[in-house]
Amino acid sequence: MSSSRERILAAARANKPALMSLPPPSDFGGDASLARFSEVLASIGGTVVRLAARSELAATVQQLFPAARLVASALLTPTLVVDQQTPTDVLADVDLAVLAGEFGVAENGAVWLPEAQMLHRALPTVTQHLALVLDQRQLVATMHQAYARLPAGPGGYGLFIAGPSKTADIEQSLVIGAHGARSLVVLVY
Amino acid sequence: MSYRTHASRAEAFVLDHERTSWHDETLWFVRQKRDKAVYAVPEFQELRNLASAIKDHTLSQLDFYLEQFEAAALANGVRVHWAADAAEHNAIVLDIIRARGATRVVKSKSMLTEECHLNPYLIEHGLEVIDTDLGERIIQLRDEPPSHLVLPAIHLKKEDVGETFFKHLGTAEGLTDPQQLTEAARQHLRAKFLAGEVALTGVNFAIAETGSVVVCTNEGNADLGVNLAPVHIASMGIEKLIPRLQDLGVFTRLLARSATGQPVTTYTAHYTRPAEGREMHVIIVDNGRTKQLGRPDFRASLKCIRCGACMNTCPVYRRSGGHSYDFTVPGPIGSILSPNIDLKKHSTLPFASTLCGSCTDVCPVKIDIHTQLYKWRQIVAEANGLLVAKKLGMQFMGRLLASPAAFKLSGQLARRGLRLLPHALSHNQAVNAWAIARELPEPPKQSFRDWYAQQAPTPSA
């Protein structure tokens with residue numbers, strides 16, 4: 001083991017203050033309604049679209065993204081098959097990814113997307129547009145409840161995605177579509 | 001060796017009145033967005049208490065959590081490195097890149113790597129290093145340091161950005177539309193992401209129990225970089241640890257609301273294991289942090305989650321600009337972190353404050369920033385010695401204000417003196433720095449004490 005490791009640990013041990021207690025995990029309750037989730041998501045540049053039934057997914061996607069040529073998805077018939085081995089230059093051309101979100105967070109419009117639903121880790125950010133499919137019964141109020149839903153940990157890689165990629169680095173002017181997806185639609189059924 | 005003072009470095013910035021006002025107002029607007037987001041969360045003050053307590057606890061068990069994190073990360077197939085200082089950190093990064101024979105590095109925002117001056121080091125060694133956060137890329141092209149923790153290019157106007165992109169990215173001359181400028185950067189950086197061989201990121205939070213590192217961005221640049229490159233190197237200061245995944249519930253609710261007034265950052269990424277066939281490295285860096293941990297008055301500064309709320313609210317930062325601090329982290333938090341690194345070089349920063357306490361009020365982890373600023377002043381005065389004029393002046397004023405008779409006499413002298421003295425003398429800027437940008441008020445004819453004595457006595461009840 002490196003000597004820096006030992007030195008850092010020894011210094012931390014020698015210099016740390018007396019033990020302070022760790023508060024237990026908190027949960028402040030809150031509003032977990034679809035109305036709240038939709039309102040917050042709209043305020044950060046995303047959109048909620050309600051599906052009358054899960055079976056309407058393909059038709060709705062077609063209607064929302066008529067120009068999408070290369071669509072990657074495990075939820076409908078894809079026009080481009082993406083898996084963990086898909087090379088970068090192929091990923092670069094994806095117009096739309098339609099992926100299954102696990103649950104949504106009403107207070108901030110975020111959707112939890114675990115690695116297992118991503119097809120490829122880069123897909124949710126490399127795609128030009130992103131649609132997340134979400135069961136409306138899978139909503140929690142706050143981030144406390146969100147992390148409580150992950151007792152086995154976040155997995156190899158996992159993302160909370162709240163709206164489309166954005167930046168305000170030029171004079172604080174909000175611009176949607178920085179590096180990741182230019183738009184985000186949450187398709188709720 | 002003598003160093004320039006904060007005030008002298010701020011002079012260039014404040015010369016442009018219009019720009020100074022714009023900077024001031026824009027950051028105040030961010031502060032107002034923060035307030036709006038904060039007031040919408042009824043338990044926000046409780047969250048601040050929790051965040052503070054979790055960080056206090058973690059610091060009190062830091063050795064334990066460092067080892068727990070390391071063990072979990074190793075079990076996840078992550079390679080863990082330890083760096084005592086900036087030089088060791090940079091050497092580790094270079095070694096990892098060289099072992100892959102890589103030359104193209106994409107980087108997302110990391111104040112730690114700024115602190116370590118990693119970019120110039122890697123570029124010196126022949127590597128291409130591309131900052132991918134839009135604001136960071138802008139200042140990288142201009143060869144400037146960031147001027148804010150989360151808004152690195154806040155000192156620039158869109159005309160400046162247009163000029164920079166015209167010069168470096170081939171956009172049309174005179175282009176100032178933020179939407180079009182951002183699109184140009186998107187296209188330019190896409191090519192860099194796709195070609196990236198090694199992705200560098202910072203770490204917002206490191207989870208001891210799971211060995212995960214969490215990176216928060218709005219642009220998605222960290223995730224694009226990491227997930228397209230074969231190698232991910234995450235650099236973290238030892239203070240980034242939190243014990244449990246559950247604790248992120250508290251911190252993700254506080255971070256973006258405090259920083260920009262957003263309910264959460266667009267992307268909250270949890271990196272636990274490398275993808276199949278890929279490498280993930282975490283470098284745990286001390287660089288003065290264990291020393292700060294050993295200073296009871298100042299260790300709370302290690303609780304900082306780098307939201308920038310203290311600078312957005314600071315009347316001095318807003319009007320002097322981030323570059324006037326000449327330290328990786330500007331503003332109030334930088335002014336209490338920097339003296340730990342170099343007391344002489346940064347000796348004027350604890351004085352770049354009105355001690356109004358607004359920084360402390362908005363800090364999501366309840367660091368007593370203004371108290372620490374005050375305490376650093378005592379240390380600076382003792383170690384470096386104040387200017388003789390200031391020292392004598394303070395002693396003189398201390399004695400004068402302690403004696404009612406002396407106070408009364410000097411008041412009379414001042415009221416008369418100020419009326420008689422020529423303006424050039426009473427406002428002599430060589431002697432009286434206070435008068436550089438200020439006018440004294442008209443001296444009153446009499447003191448409050450004299451006025452009070454003339455009033456008819458109040459009938460007693």
# chains A, B, ... in the order shown; residues from 1 in each chain; ligands from 1
$ interface_residues --of "chain A" --to "chain B" --cutoff "6 Å" --atoms "only C-alpha atoms" --output "number ranges by chain"
A: 4-5, 9, 11-13, 15-22, 108, 121-122, 125, 143-144, 147, 156-163, 165-167, 169-171, 175, 178-180
$ select_by_dssp --residues "stretch 17-178 of chain A" --states "helix (DSSP H, G or I)" --output "MDAnalysis selection string"
chainID A and resid 34:43 54:64 88:91 115:117 123:126 143:148
$ atom_distance --atom1 "atom CA of B:Gly202" --atom2 "atom CA of A:Glu115"
20.8 Å
$ atom_distance --atom1 "atom CA of B:His281" --atom2 "atom CA of B:Ala234"
6.1 Å
$ atom_distance --atom1 "atom CA of B:Met311" --atom2 "atom CA of B:Gln32"
12.9 Å
$ residues_around --residues "A:Phe37" --least-positions-apart "3" --cutoff "9 Å" --atoms "only C-alpha atoms" --output "mmCIF file with C-alpha atoms, in the first residue's frame"
data_model
loop_
_atom_site.group_PDB
_atom_site.id
_atom_site.type_symbol
_atom_site.label_atom_id
_atom_site.label_comp_id
_atom_site.auth_asym_id
_atom_site.auth_seq_id
_atom_site.Cartn_x
_atom_site.Cartn_y
_atom_site.Cartn_z
ATOM 1 C CA ASP A 31 -46.755 15.353 -2.450
ATOM 2 C CA ALA A 32 -46.163 12.384 -4.753
ATOM 3 C CA SER A 33 -48.896 13.233 -7.245
ATOM 4 C CA LEU A 34 -48.594 13.092 -11.006
ATOM 5 C CA VAL A 40 -42.193 20.604 -11.858
ATOM 6 C CA LEU A 41 -40.965 18.787 -14.959
ATOM 7 C CA ALA A 42 -42.576 21.433 -17.174
ATOM 8 C CA VAL A 48 -45.220 14.780 -19.465
ATOM 9 C CA GLY A 104 -40.186 9.457 -10.724
ATOM 10 C CA VAL A 105 -39.645 12.120 -8.044
ATOM 11 C CA ALA A 106 -42.448 14.659 -7.796
ATOM 12 C CA GLU A 107 -40.493 17.428 -6.033
ATOM 13 C CA ASN A 108 -37.960 17.838 -8.830
ATOM 14 C CA GLY A 109 -39.222 16.026 -11.918
ATOM 15 C CA ALA A 110 -36.366 13.517 -11.853
ATOM 16 C CA LEU A 139 -43.919 8.210 -8.084
ATOM 17 C CA ALA A 141 -42.500 12.743 -3.208
#
$ select_by_dssp --residues "stretch 4-67 of chain A" --states "strand (DSSP E or B)" --output "list of chain:residue names"
A:Thr47, A:Val48, A:Val49, A:Arg50
$ closest_residue --among "A:Ala92, A:Arg7, A:Val186, A:Ala35" --to "A:Val71" --atoms "only C-alpha atoms"
A:Ala92
$ residues_around --residues "B:Val365" --least-positions-apart "6" --cutoff "7 Å" --atoms "only C-alpha atoms" --output "PDB file with all heavy atoms, in the first residue's frame"
ATOM      1  N   ARG B  48     -30.809  21.704   6.193  1.00  0.00           N
ATOM      2  CA  ARG B  48     -29.492  22.307   6.453  1.00  0.00           C
ATOM      3  C   ARG B  48     -28.892  21.730   7.733  1.00  0.00           C
ATOM      4  O   ARG B  48     -27.702  21.410   7.788  1.00  0.00           O
ATOM      5  CB  ARG B  48     -29.610  23.831   6.591  1.00  0.00           C
ATOM      6  CG  ARG B  48     -29.916  24.551   5.291  1.00  0.00           C
ATOM      7  CD  ARG B  48     -30.089  26.031   5.570  1.00  0.00           C
ATOM      8  NE  ARG B  48     -28.822  26.713   5.848  1.00  0.00           N
ATOM      9  CZ  ARG B  48     -28.683  27.737   6.678  1.00  0.00           C
ATOM     10  NH1 ARG B  48     -29.726  28.209   7.344  1.00  0.00           N
ATOM     11  NH2 ARG B  48     -27.509  28.290   6.881  1.00  0.00           N
ATOM     12  N   ALA B  51     -27.760  18.173   6.953  1.00  0.00           N
ATOM     13  CA  ALA B  51     -26.554  18.158   6.124  1.00  0.00           C
ATOM     14  C   ALA B  51     -25.331  18.494   6.969  1.00  0.00           C
ATOM     15  O   ALA B  51     -24.282  17.848   6.872  1.00  0.00           O
ATOM     16  CB  ALA B  51     -26.698  19.143   4.970  1.00  0.00           C
ATOM     17  N   SER B  52     -25.494  19.504   7.811  1.00  0.00           N
ATOM     18  CA  SER B  52     -24.398  19.908   8.680  1.00  0.00           C
ATOM     19  C   SER B  52     -24.007  18.769   9.626  1.00  0.00           C
ATOM     20  O   SER B  52     -22.820  18.463   9.800  1.00  0.00           O
ATOM     21  CB  SER B  52     -24.827  21.157   9.464  1.00  0.00           C
ATOM     22  OG  SER B  52     -23.853  21.492  10.409  1.00  0.00           O
ATOM     23  N   LYS B 303     -16.810  21.102   5.242  1.00  0.00           N
ATOM     24  CA  LYS B 303     -18.168  20.603   4.982  1.00  0.00           C
ATOM     25  C   LYS B 303     -18.726  21.129   3.659  1.00  0.00           C
ATOM     26  O   LYS B 303     -19.766  20.678   3.189  1.00  0.00           O
ATOM     27  CB  LYS B 303     -19.096  21.034   6.132  1.00  0.00           C
ATOM     28  CG  LYS B 303     -18.810  20.296   7.435  1.00  0.00           C
ATOM     29  CD  LYS B 303     -19.173  21.097   8.669  1.00  0.00           C
ATOM     30  CE  LYS B 303     -20.661  21.244   8.836  1.00  0.00           C
ATOM     31  NZ  LYS B 303     -20.972  21.924  10.136  1.00  0.00           N
ATOM     32  N   CYS B 304     -18.033  22.075   3.063  1.00  0.00           N
ATOM     33  CA  CYS B 304     -18.513  22.767   1.857  1.00  0.00           C
ATOM     34  C   CYS B 304     -18.867  21.785   0.741  1.00  0.00           C
ATOM     35  O   CYS B 304     -18.109  20.860   0.453  1.00  0.00           O
ATOM     36  CB  CYS B 304     -17.445  23.736   1.364  1.00  0.00           C
ATOM     37  SG  CYS B 304     -17.847  24.552  -0.187  1.00  0.00           S
TER      38      CYS B 304
END
